[in-house]
Structure formats: structure tokens, C-alpha cells
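Structure file start-v4.txt (compact mmCIF, C-alpha atoms and all ligand atoms) is printed below.
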```txt
# COMPACT_ATOMS: atom_id res chain seq x y z
CA MET A 119 154.01 93.96 18.94
CA SER A 120 154.71 96.47 16.16
CA TYR A 121 155.31 95.57 12.53
CA ALA A 122 157.94 97.34 10.46
CA GLY A 123 158.42 97.47 6.67
CA GLY A 124 156.75 99.43 3.92
CA ARG A 125 156.55 103.20 3.95
CA HIS A 126 155.87 105.56 6.80
CA PHE A 127 152.59 107.45 6.37
CA LEU A 128 153.37 111.15 6.89
CA GLN A 129 149.83 112.49 7.22
CA ILE A 130 150.51 115.63 9.19
CA PRO A 131 149.41 118.83 7.42
CA GLY A 132 152.95 119.69 6.50
CA PRO A 133 155.68 118.79 5.90
CA THR A 134 153.97 116.56 3.34
CA ASN A 135 155.09 113.57 1.26
CA VAL A 136 157.84 114.60 -1.16
CA PRO A 137 157.51 112.96 -4.62
CA ASP A 138 160.41 110.74 -5.64
CA SER A 139 161.13 112.89 -8.69
CA VAL A 140 161.49 115.95 -6.46
CA LEU A 141 163.91 114.09 -4.20
CA ARG A 142 165.90 113.00 -7.24
CA ALA A 143 165.97 116.53 -8.63
CA MET A 144 167.36 117.78 -5.34
CA SER A 145 170.13 115.20 -5.31
CA ALA A 146 171.97 116.91 -8.19
CA GLN A 147 175.29 118.65 -7.50
CA THR A 148 175.07 122.15 -6.06
CA ILE A 149 176.24 124.68 -8.67
CA ASP A 150 177.83 128.12 -8.68
CA HIS A 151 175.02 130.46 -7.64
CA ARG A 152 176.63 133.34 -9.56
CA GLY A 153 177.10 131.37 -12.79
CA PRO A 154 175.04 131.24 -15.99
CA GLU A 155 173.54 127.81 -15.27
CA PHE A 156 172.12 129.14 -12.03
CA ALA A 157 170.56 132.16 -13.74
CA GLU A 158 168.54 129.77 -15.88
CA LEU A 159 167.31 127.91 -12.79
CA GLY A 160 166.57 131.17 -10.99
CA ARG A 161 164.53 132.57 -13.84
CA ALA A 162 162.68 129.28 -14.32
CA VAL A 163 161.49 129.10 -10.72
CA LEU A 164 160.89 132.85 -10.26
CA ASP A 165 158.66 132.90 -13.36
CA GLY A 166 157.29 129.39 -12.97
CA VAL A 167 155.96 129.94 -9.47
CA LYS A 168 153.80 132.94 -10.44
CA PRO A 169 150.81 131.01 -11.86
CA VAL A 170 150.58 128.97 -8.66
CA PHE A 171 149.94 132.24 -6.80
CA GLY A 172 147.66 133.49 -9.54
CA THR A 173 149.88 136.50 -10.11
CA GLN A 174 151.79 138.21 -12.86
CA GLY A 175 153.73 140.29 -10.36
CA PRO A 176 156.98 139.49 -8.56
CA VAL A 177 157.36 136.60 -6.12
CA VAL A 178 160.30 136.73 -3.70
CA ILE A 179 161.74 133.36 -2.64
CA TYR A 180 163.51 133.18 0.75
CA PRO A 181 165.71 130.38 2.09
CA ALA A 182 163.57 130.31 5.25
CA SER A 183 160.58 128.61 6.81
CA GLY A 184 157.14 130.16 6.40
CA THR A 185 157.58 132.15 9.59
CA GLY A 186 160.33 134.15 7.89
CA ALA A 187 158.01 135.07 5.04
CA TRP A 188 155.44 136.29 7.61
CA GLU A 189 158.09 138.64 8.98
CA ALA A 190 159.09 139.74 5.48
CA ALA A 191 155.47 140.64 4.64
CA LEU A 192 155.21 142.84 7.74
CA VAL A 193 158.61 144.55 7.76
CA ASN A 194 158.52 145.40 4.07
CA THR A 195 155.14 147.12 4.16
CA LEU A 196 154.66 148.67 7.61
CA SER A 197 156.17 151.23 9.99
CA PRO A 198 156.59 151.22 13.79
CA GLY A 199 153.27 151.82 15.55
CA ASP A 200 151.13 151.06 12.49
CA ARG A 201 147.78 149.45 13.32
CA VAL A 202 147.04 146.05 11.83
CA LEU A 203 143.82 144.07 12.01
CA CYS A 204 144.25 140.36 12.86
CA PHE A 205 141.73 137.59 13.54
CA GLU A 206 142.00 134.80 16.08
CA THR A 207 141.13 131.98 13.70
CA GLY A 208 143.54 129.54 15.36
CA HIS A 209 147.12 128.85 16.39
CA PHE A 210 148.87 130.23 13.31
CA ALA A 211 146.86 133.44 13.22
CA SER A 212 147.70 133.88 16.90
CA LEU A 213 151.41 133.41 16.24
CA TRP A 214 151.36 135.90 13.37
CA GLN A 215 149.63 138.40 15.63
CA GLU A 216 152.29 137.84 18.33
CA MET A 217 155.00 138.48 15.74
CA ALA A 218 153.34 141.71 14.65
CA THR A 219 153.25 142.88 18.27
CA ALA A 220 156.89 141.87 18.79
CA LEU A 221 157.87 143.90 15.72
CA GLY A 222 156.33 147.04 17.21
CA LEU A 223 152.98 147.08 15.43
CA GLU A 224 149.70 147.95 17.14
CA VAL A 225 147.46 144.90 16.72
CA ASP A 226 143.66 144.90 16.81
CA PHE A 227 143.07 141.19 17.49
CA VAL A 228 139.49 140.11 16.83
CA PRO A 229 138.73 137.15 19.12
CA GLY A 230 137.52 133.88 17.62
CA ASP A 231 136.43 130.39 18.65
CA TRP A 232 138.95 128.46 16.50
CA ARG A 233 136.06 126.89 14.55
CA HIS A 234 135.37 129.71 12.08
CA GLY A 235 137.37 131.68 9.53
CA VAL A 236 137.70 135.43 9.22
CA SER A 237 134.25 137.03 9.13
CA PRO A 238 133.96 139.36 6.12
CA GLU A 239 131.17 141.17 8.02
CA VAL A 240 133.52 141.94 10.92
CA VAL A 241 136.21 143.11 8.48
CA ALA A 242 133.70 145.55 6.96
CA GLU A 243 132.54 146.70 10.38
CA ARG A 244 136.05 147.32 11.76
CA LEU A 245 137.19 149.16 8.65
CA GLU A 246 134.06 151.30 8.45
CA GLN A 247 134.65 152.37 12.06
CA ASP A 248 138.21 153.36 11.15
CA THR A 249 137.26 156.59 9.42
CA GLY A 250 140.78 158.03 9.94
CA HIS A 251 142.30 155.07 8.05
CA THR A 252 144.73 154.30 10.87
CA ILE A 253 144.57 150.55 10.10
CA LYS A 254 147.36 149.91 7.63
CA ALA A 255 146.95 146.18 7.00
CA VAL A 256 144.48 143.33 7.38
CA CYS A 257 146.19 139.97 8.08
CA VAL A 258 144.34 136.80 7.14
CA VAL A 259 145.41 133.16 7.37
CA HIS A 260 143.78 131.61 4.30
CA ASN A 261 143.86 128.02 5.54
CA GLU A 262 144.19 127.73 9.34
CA THR A 263 146.31 124.60 9.65
CA SER A 264 145.51 124.24 13.35
CA THR A 265 141.75 124.00 12.76
CA GLY A 266 141.08 122.95 9.16
CA VAL A 267 139.14 126.13 8.43
CA THR A 268 139.58 128.05 5.15
CA SER A 269 138.75 131.74 5.22
CA ARG A 270 136.94 133.28 2.26
CA VAL A 271 139.61 135.66 1.02
CA ALA A 272 137.61 136.95 -1.96
CA GLU A 273 134.81 137.97 0.45
CA VAL A 274 137.31 139.64 2.77
CA ARG A 275 138.59 141.62 -0.22
CA ALA A 276 135.03 142.61 -1.11
CA ALA A 277 134.48 143.78 2.48
CA ILE A 278 137.61 145.96 2.36
CA ASP A 279 136.44 147.44 -0.94
CA ALA A 280 132.91 147.99 0.38
CA ALA A 281 134.38 150.01 3.24
CA ALA A 282 136.49 151.92 0.67
CA HIS A 283 139.44 151.40 3.02
CA PRO A 284 143.06 151.62 1.79
CA ALA A 285 144.50 148.95 4.16
CA LEU A 286 146.81 146.38 2.64
CA LEU A 287 145.60 142.77 2.56
CA LEU A 288 148.26 140.29 3.74
CA VAL A 289 147.39 136.61 3.40
CA ASP A 290 149.13 133.49 4.72
CA THR A 291 148.68 130.62 2.25
CA ILE A 292 151.34 128.35 3.75
CA SER A 293 149.01 125.32 3.90
CA SER A 294 146.78 126.18 0.94
CA LEU A 295 149.02 127.24 -1.93
CA GLY A 296 149.15 124.50 -4.54
CA SER A 297 146.22 122.62 -2.98
CA ILE A 298 143.32 125.08 -2.61
CA ASP A 299 142.22 127.56 -5.28
CA TYR A 300 143.98 130.88 -4.68
CA ARG A 301 144.15 134.07 -6.77
CA HIS A 302 146.59 136.75 -5.63
CA ASP A 303 145.86 139.22 -8.45
CA GLU A 304 142.14 138.61 -8.91
CA TRP A 305 141.43 138.84 -5.17
CA GLY A 306 143.50 141.98 -4.80
CA VAL A 307 145.86 140.50 -2.22
CA ASP A 308 148.87 142.72 -1.49
CA VAL A 309 151.28 140.20 0.01
CA THR A 310 150.78 136.46 -0.18
CA VAL A 311 152.92 134.44 2.21
CA ALA A 312 153.69 130.81 1.37
CA GLY A 313 156.04 127.97 2.29
CA SER A 314 157.58 125.02 0.49
CA GLN A 315 156.69 122.05 2.70
CA LYS A 316 152.93 121.77 2.30
CA GLY A 317 151.01 122.00 -0.98
CA LEU A 318 154.21 122.57 -2.94
CA MET A 319 155.43 119.04 -2.03
CA LEU A 320 158.96 120.14 -1.09
CA PRO A 321 160.94 119.70 2.09
CA PRO A 322 160.87 122.67 4.49
CA GLY A 323 163.27 125.52 3.81
CA LEU A 324 161.79 127.85 1.20
CA SER A 325 159.19 130.54 1.69
CA PHE A 326 157.59 133.15 -0.52
CA ASN A 327 156.14 136.65 -0.75
CA ALA A 328 153.97 137.41 -3.79
CA ILE A 329 153.86 141.20 -3.99
CA SER A 330 151.24 143.54 -5.45
CA GLU A 331 152.04 146.90 -7.02
CA LYS A 332 150.42 148.59 -4.04
CA ALA A 333 152.58 146.60 -1.59
CA LEU A 334 155.67 147.46 -3.59
CA ASN A 335 154.78 151.15 -3.37
CA ALA A 336 154.11 150.82 0.37
CA SER A 337 157.54 149.20 0.78
CA ARG A 338 159.23 152.41 -0.40
CA SER A 339 158.08 154.27 2.72
CA ALA A 340 157.81 151.37 5.21
CA ARG A 341 160.11 152.07 8.17
CA LEU A 342 160.19 148.83 10.18
CA PRO A 343 163.86 147.77 10.41
CA LYS A 344 164.86 145.12 7.87
CA SER A 345 167.92 143.89 6.09
CA PHE A 346 167.86 140.23 5.13
CA TRP A 347 164.12 140.41 4.39
CA ASN A 348 164.30 143.62 2.34
CA TRP A 349 162.56 143.02 -0.99
CA GLN A 350 164.45 145.70 -2.94
CA PRO A 351 167.93 144.11 -3.31
CA ILE A 352 166.34 140.70 -3.86
CA LEU A 353 164.05 141.96 -6.62
CA ALA A 354 167.00 143.75 -8.24
CA ALA A 355 169.12 140.57 -8.28
CA ASN A 356 166.14 138.43 -9.34
CA GLU A 357 165.86 140.38 -12.58
CA ARG A 358 168.84 138.45 -13.89
CA GLY A 359 167.88 135.19 -12.13
CA PHE A 360 170.18 135.69 -9.14
CA PHE A 361 169.95 136.31 -5.39
CA PRO A 362 171.91 138.79 -3.24
CA TYR A 363 173.01 135.90 -0.96
CA THR A 364 173.58 132.16 -1.39
CA PRO A 365 170.19 130.72 -2.29
CA ALA A 366 168.99 127.22 -1.29
CA THR A 367 170.08 125.87 -4.67
CA ASN A 368 169.03 122.26 -4.18
CA LEU A 369 165.60 123.24 -2.88
CA LEU A 370 165.23 125.34 -6.03
CA TYR A 371 165.97 122.23 -8.12
CA GLY A 372 163.15 120.60 -6.15
CA LEU A 373 160.87 123.58 -6.73
CA ARG A 374 161.48 123.42 -10.49
CA GLU A 375 160.44 119.77 -10.48
CA ALA A 376 157.45 120.36 -8.18
CA LEU A 377 156.21 123.09 -10.54
CA ARG A 378 156.58 120.67 -13.44
CA LEU A 379 154.44 118.12 -11.55
CA LEU A 380 151.75 120.69 -10.69
CA ASN A 381 151.60 121.84 -14.31
CA ALA A 382 151.50 118.30 -15.67
CA GLU A 383 148.47 117.50 -13.52
CA GLY A 384 146.97 120.96 -14.06
CA LEU A 385 146.20 123.31 -11.17
CA ASP A 386 142.43 122.85 -11.57
CA ALA A 387 142.82 119.08 -11.36
CA VAL A 388 145.06 119.49 -8.31
CA PHE A 389 142.40 121.60 -6.58
CA ALA A 390 139.63 119.13 -7.54
CA ARG A 391 141.67 116.24 -6.14
CA HIS A 392 142.06 118.05 -2.82
CA ILE A 393 138.32 118.84 -2.69
CA ARG A 394 137.52 115.13 -3.22
CA HIS A 395 139.90 114.08 -0.49
CA GLY A 396 138.45 116.62 1.92
CA GLU A 397 134.94 115.36 1.17
CA ALA A 398 135.93 111.71 1.57
CA THR A 399 137.65 112.44 4.88
CA ARG A 400 134.64 114.28 6.25
CA ALA A 401 132.40 111.41 5.07
CA ALA A 402 134.48 109.03 7.20
CA VAL A 403 134.39 111.37 10.22
CA ASN A 404 130.62 111.68 9.99
CA GLY A 405 130.33 107.93 9.41
CA TRP A 406 132.29 107.28 12.59
CA GLY A 407 129.89 109.53 14.47
CA LEU A 408 132.61 112.07 15.27
CA GLU A 409 132.69 115.81 14.66
CA VAL A 410 134.88 117.93 12.40
CA LEU A 411 136.24 121.02 14.18
CA CYS A 412 135.30 123.42 11.35
CA ALA A 413 131.79 124.65 12.15
CA ASP A 414 130.86 126.28 8.84
CA GLU A 415 130.53 124.13 5.74
CA ARG A 416 131.52 127.07 3.52
CA GLU A 417 134.91 126.99 5.25
CA TYR A 418 135.80 123.29 5.20
CA SER A 419 139.47 122.88 4.36
CA SER A 420 140.44 120.71 1.41
CA SER A 421 144.00 120.28 2.63
CA LEU A 422 143.46 118.98 6.15
CA THR A 423 140.73 117.92 8.56
CA ALA A 424 140.78 118.49 12.34
CA ILE A 425 138.69 115.93 14.23
CA MET A 426 137.38 116.45 17.75
CA VAL A 427 137.80 113.49 20.07
CA PRO A 428 134.94 112.70 22.44
CA GLU A 429 135.10 113.82 26.08
CA GLY A 430 137.24 111.50 28.19
CA HIS A 431 139.71 110.69 25.40
CA ASP A 432 143.15 112.17 24.74
CA ALA A 433 143.84 112.87 21.06
CA ASP A 434 147.59 112.57 21.64
CA LYS A 435 147.16 109.04 23.02
CA ILE A 436 145.19 108.06 19.91
CA ARG A 437 147.96 109.50 17.72
CA ALA A 438 150.60 107.61 19.72
CA ILE A 439 148.74 104.32 19.21
CA ILE A 440 148.43 104.96 15.47
CA LEU A 441 152.13 105.82 15.19
CA ASP A 442 153.17 102.78 17.16
CA ARG A 443 150.88 100.24 15.48
CA PHE A 444 150.55 101.56 11.95
CA ASP A 445 153.60 103.80 11.49
CA MET A 446 151.49 106.83 10.61
CA SER A 447 152.07 110.39 11.84
CA LEU A 448 148.99 112.57 12.33
CA GLY A 449 148.88 116.24 13.32
CA ALA A 450 148.57 117.14 17.00
CA GLY A 451 146.10 119.60 18.44
CA LEU A 452 147.97 122.92 18.66
CA GLY A 453 147.72 125.59 21.36
CA LYS A 454 144.43 125.42 23.20
CA LEU A 455 143.32 122.44 21.10
CA SER A 456 146.12 120.27 22.55
CA GLY A 457 144.78 116.78 23.32
CA ARG A 458 141.30 117.70 22.09
CA VAL A 459 141.72 117.26 18.34
CA PHE A 460 143.95 115.44 15.92
CA ARG A 461 144.51 116.49 12.34
CA ILE A 462 144.72 114.51 9.13
CA GLY A 463 146.75 116.14 6.37
CA HIS A 464 145.42 115.25 2.93
CA LEU A 465 147.44 117.65 0.84
CA GLY A 466 150.36 117.61 -1.52
CA SER A 467 151.55 114.44 -3.25
CA PHE A 468 148.61 112.22 -2.35
CA ASN A 469 146.11 109.91 -4.01
CA ASP A 470 142.92 107.94 -3.35
CA LEU A 471 144.55 104.79 -2.00
CA MET A 472 146.90 106.76 0.23
CA LEU A 473 143.81 108.45 1.69
CA ALA A 474 141.99 105.12 2.02
CA GLY A 475 145.00 103.70 3.89
CA THR A 476 145.21 106.80 6.06
CA LEU A 477 141.55 106.65 7.02
CA ALA A 478 141.76 102.89 7.66
CA GLY A 479 144.64 103.56 10.04
CA VAL A 480 142.67 106.28 11.81
CA GLN A 481 139.62 104.02 12.14
CA MET A 482 141.66 101.15 13.59
CA GLY A 483 143.52 103.51 15.92
CA LEU A 484 140.28 105.02 17.24
CA THR A 485 138.92 101.54 17.91
CA LEU A 486 142.16 100.40 19.62
CA ALA A 487 142.06 103.55 21.78
CA GLY A 488 138.58 102.61 22.96
CA VAL A 489 136.77 105.48 21.25
CA ARG A 490 133.20 104.43 20.50
CA ILE A 491 132.84 104.87 16.76
CA ASP A 492 130.75 103.29 14.05
CA PRO A 493 133.27 100.95 12.35
CA THR A 494 131.44 101.24 9.04
CA GLY A 495 132.49 104.91 8.85
CA LEU A 496 135.34 104.16 6.48
CA ASN A 497 132.86 102.82 3.90
CA ALA A 498 131.40 106.29 3.45
CA ALA A 499 134.83 107.56 2.46
CA LEU A 500 135.38 104.67 0.06
CA ASP A 501 131.97 105.35 -1.51
CA ARG A 502 133.07 108.95 -2.08
CA LEU A 503 136.40 107.84 -3.55
CA GLN A 504 134.92 105.29 -5.93
CA SER A 505 132.66 107.92 -7.48
CA LEU A 506 134.35 110.46 -9.72
C1 LIG A 601 153.02 125.71 8.69
C2 LIG A 601 152.36 127.02 8.83
C3 LIG A 601 153.04 128.15 9.31
C4 LIG A 601 154.44 128.09 9.83
O1 LIG A 601 155.33 127.83 8.83
P1 LIG A 601 156.84 127.39 9.18
O2 LIG A 601 157.36 126.91 7.87
O3 LIG A 601 156.72 126.31 10.22
O4 LIG A 601 157.55 128.57 9.69
C5 LIG A 601 152.37 129.35 9.33
N1 LIG A 601 151.10 129.46 8.90
C6 LIG A 601 150.41 128.40 8.45
C7 LIG A 601 149.00 128.57 7.99
C8 LIG A 601 151.02 127.15 8.40
O5 LIG A 601 150.34 126.08 7.95
```
I need this file expressed as C-alpha cells, please.
Ligand SMILES: *Cc1c(COP(=O)(O)O)cnc(C)c1O
Amino acid sequence: MSYAGGRHFLQIPGPTNVPDSVLRAMSAQTIDHRGPEFAELGRAVLDGVKPVFGTQGPVVIYPASGTGAWEAALVNTLSPGDRVLCFETGHFASLWQEMATALGLEVDFVPGDWRHGVSPEVVAERLEQDTGHTIKAVCVVHNETSTGVTSRVAEVRAAIDAAAHPALLLVDTISSLGSIDYRHDEWGVDVTVAGSQKGLMLPPGLSFNAISEKALNASRSARLPKSFWNWQPILAANERGFFPYTPATNLLYGLREALRLLNAEGLDAVFARHIRHGEATRAAVNGWGLEVLCADEREYSSSLTAIMVPEGHDADKIRAIILDRFDMSLGAGLGKLSGRVFRIGHLGSFNDLMLAGTLAGVQMGLTLAGVRIDPTGLNAALDRLQSL
């Protein structure tokens, strides 16, 4: 028998739990998107979002899912036949690579085992070999949501600089922005891609491109076809707080409130909270005697954890039991990890007791599914949470 009542636990790594105040902000009447009241909203969110990216430059906001912002990053900066360097860190990196190929780019895809991030050493090696500078962009997924592995973007930047290579650096931060420390300007990122429904605590429907000066210059000669995604008319309209098309007004109300929440807590405190929750989750996984998918402790993700299920068990069955018995959604194994891992999202609007409840549900579900675990594993997480 299942028990209803209380709140659903949405512990997939995006969409994440939307704070009540964000939902309330979004429930206001939609306004004239060409009127003066809108301009105020537009300017507030266009300026207000910059510190979250760690940039002083422009950030374009699209009424689209993150996938749209991937496309925008490519079509605004590159030309047909351009070479781009991509890394098989997991499902999302593979999808981005497929998109680049579909758009007519020439992709060098460095194979990976889905347990490691982008190797700065391999970046240096590939770029040093490219003496003719035919590689025009390096694409990196900061936080691989399919694996729970966070690539070291600052080290990738250093590798590009060490090779003295002019390639653009394009980074997907869809599941890290607003939950894991990120610095667009300081790390010399040229286009940062982000989405609304993960660390930013909003429903799906908005996505972002933070744009460096170098990317903006590249966009003036980039020849991939584009219209809706074209930065130029958007940036021109944004100067007065407007958009060249009907923006997602109510999501922008939500964004304004989400930015207020992030600022009230303080970005450093937000990042520290996510680090704690990542540590507590891994403490439980180790306590259960199970293994985290991420194989390099320098690359543990603070926004989600992918857990390998022992041979002979189906991760999707475990998730189904947990959904049925405890009304909690966990992330599925994606692509070639299907059935082999499940993922716990611990990002966005989330606190210690929500994590404790989440991990209790996972522990009970594993036991009900017949997975042999140490049932004191949860205590290790609680120990972590009760210390500061
Ligand atoms: C969620 C996600 C995407 C896809 O974003 P959509 O909003 O579903 O289009 C891409 N990359 C990463 C790293 C993600 O986490």
C-alpha cells in the first residue's frame, strides 16, 4: 500500500524545487512587454544576473530550454566547417557534440569513460598539436549532470593559455550555475551557457549566454545561419530593458525573485551549502558500501551525486520503488548508464532536513529493493550535517 499526503520530493538534478516566493512572484499579471514597467523588470534581471555568472559583460536571456542556449553559443561564434574540440564526459557533452555536428561543425570528440571530467592535460596536448590554429572552440560541460562530475574549468583555461591557442572556450553551466562556484570573467570563458530550472530555482523555460568581448568580436564574422538566436538584435533591445520578441515575462518575474533569494543568502553561502550537501550525500553512499560514479575526488559534484548500483540490480527498479513508496523522484541513468546508476539532485532550494529525508528515502528504497547495504550508512550523512 502507498501513502499519500505531504509534499512530493523532487530530487532529480533539475528541474529542482521552486521556492514558494518564486511561484508567487510568477503568479502576477503578465504586463505589456513594450511598456515602461517591463523595461524596469528587463533591466533588473539583465543586470542582476551578471554576478551569478561572475561577469560584468552582457548576458543574453532566451525563452528556451538550455539546449537552445547551447545552439546559440555555437551559431553566434562559429562558421560552417569550423573545428571544435569536445570531450565525452557524459550524456550532455555527447548531446552537445551531436548538435555541433548537426550544425555543420567538424568535431574532434575526445573519448571518455563517463567517470572523469575534461582533462586539462589533453586540452593542452590537442591544442599544442594544432599549430595551424584550425580549432576554433573548446566546448566543456562544467557539471556533467549525467555523471555527477565537475570539470576544472580554471585548469582548462590555463591549458589553453599554456598552448597559446586562440580557440574560444564555451562552457555549459546548466546544472552548476547558482550552486557551484563559477567565474566567467576570471576564468576567461567566452560563452557560458545556463538554464533556469536547476541552480537558479526556476521552472524550465529560460536559458542564458554570458558573452565575453572576444566572443562578441567572433560573432561579427561567424557565418553559421541564425535568426532567432542572433545576439545582435537582442543585445540592442536589451540596452533599454526590452527584447526583440515577446519575452517569457512571468519567468522573468520568477528570475527577479530567485536573484533576490540568492543575494539574500549570499553566493558564497550558497556554494558552501551545496558543498556540504555533496559531502553528506557521499558520506551516506560510502556508509552504505556503495560507489559514487565520479572517480576523481577533485571532480566530485556539489549539485548532484550519481550512485552505481551493484551487479544484478536495476537502478530504474529501485527508483520506481522509491517513487511508489515514498513519493520521491530520483534521476535516471542516462544514455549508456541506463539502469546502472541513479542520481540524487541536491541543488537549488534545498536544506539539511530535505537532504536527510532524501537520503532516508534512498536508504529505505535500496533495502526494499533487496540491495545489500549497510543500514547505518545514513548516520554518516547525519554526522556530516550536524557539524557546521
Ligand atoms: C539539463 C542539462 C542540459 C539540457 O538542458 P535543457 O533545459 O533540458 O535543454 C544540458 N546540459 C546540462 C549540463 C544539463 O544539466
Quote the spacing between atom C3 of ligand LIG 601 (chain A) and atom CA of Phe468 of chain A in Å to one decimal place. 20.2 Å
Go through A:Lys316, A:Arg233, A:His126, A:Arg201 and flag the residue nearest Gly184 of chain A, using all atoms listed in the file for the distances. A:Lys316
Which residue is closest to Ala280 of chain A? Choose from A:Val307, A:Ala450, A:Leu245, A:Val259 and count only C-alpha atoms. A:Leu245
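Ranking A:Leu295, A:Ile352, A:Val241, A:Ile393 by their shortest atom-to-atom distance to ligand LIG 601 (chain A), with all atoms listed in the file included, puts A:Leu295 first.
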Would you mind listing the residues within 9 Å of ligand LIG 601 (chain A), counting only C-alpha atoms and all ligand atoms, as a VMD selection string? chain A and resid 131 to 133 182 to 188 209 to 211 213 to 214 259 to 264 290 to 294 311 to 316 322 to 325
Tell me which protein, DNA and RNA residues are within 10 Å of Ile491 of chain A, counting all atoms listed in the file, leaving out same-chain ones fewer than 3 positions away, and put them as a compact mmCIF listing (two decimals) with C-alpha atoms, in the coordinates of the input.
```
# COMPACT_ATOMS: atom_id res chain seq x y z
CA VAL A 403 134.39 111.37 10.22
CA ASN A 404 130.62 111.68 9.99
CA GLY A 405 130.33 107.93 9.41
CA TRP A 406 132.29 107.28 12.59
CA GLY A 407 129.89 109.53 14.47
CA LEU A 408 132.61 112.07 15.27
CA PRO A 428 134.94 112.70 22.44
CA GLN A 481 139.62 104.02 12.14
CA LEU A 484 140.28 105.02 17.24
CA THR A 485 138.92 101.54 17.91
CA GLY A 488 138.58 102.61 22.96
CA THR A 494 131.44 101.24 9.04
CA GLY A 495 132.49 104.91 8.85
```
Report as CSV: every residue of segment 295-366 of chain A with an atom at most 9 Å from segment 149-167 of chain A, its closest pair of atoms, and their distance in Å to one decimal, counting all atoms listed in the file, with rows sorted by chain and ascending residue number.
```
residue,atom,partner,partner_atom,distance
A:Asn356,CA,A:Gly160,CA,7.5
A:Glu357,CA,A:Arg161,CA,8.0
A:Arg358,CA,A:Ala157,CA,6.5
A:Gly359,CA,A:Ala157,CA,4.4
A:Phe360,CA,A:Ala157,CA,5.8
A:Phe361,CA,A:His151,CA,8.1
A:Tyr363,CA,A:His151,CA,8.8
A:Thr364,CA,A:His151,CA,6.6
A:Pro365,CA,A:His151,CA,7.2
```
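Around Ala478 of chain A, within 10 Å and counting all atoms listed in the file, the residues found are Ala402, Phe444, Met472, Leu484, Pro493, Gly495, Leu496, Asn497 and Ala499 of chain A, once anything fewer than 6 positions away on its own chain is removed.
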Would you mind exporting C-alpha atoms of the selected residues as a PDB file, in the frame of the given file?
```
ATOM      1  CA  ALA A 402     134.480 109.030   7.200  1.00  0.00           C
ATOM      2  CA  PHE A 444     150.550 101.560  11.950  1.00  0.00           C
ATOM      3  CA  MET A 472     146.900 106.760   0.230  1.00  0.00           C
ATOM      4  CA  LEU A 484     140.280 105.020  17.240  1.00  0.00           C
ATOM      5  CA  PRO A 493     133.270 100.950  12.350  1.00  0.00           C
ATOM      6  CA  GLY A 495     132.490 104.910   8.850  1.00  0.00           C
ATOM      7  CA  LEU A 496     135.340 104.160   6.480  1.00  0.00           C
ATOM      8  CA  ASN A 497     132.860 102.820   3.900  1.00  0.00           C
ATOM      9  CA  ALA A 499     134.830 107.560   2.460  1.00  0.00           C
TER      10      ALA A 499
END
```
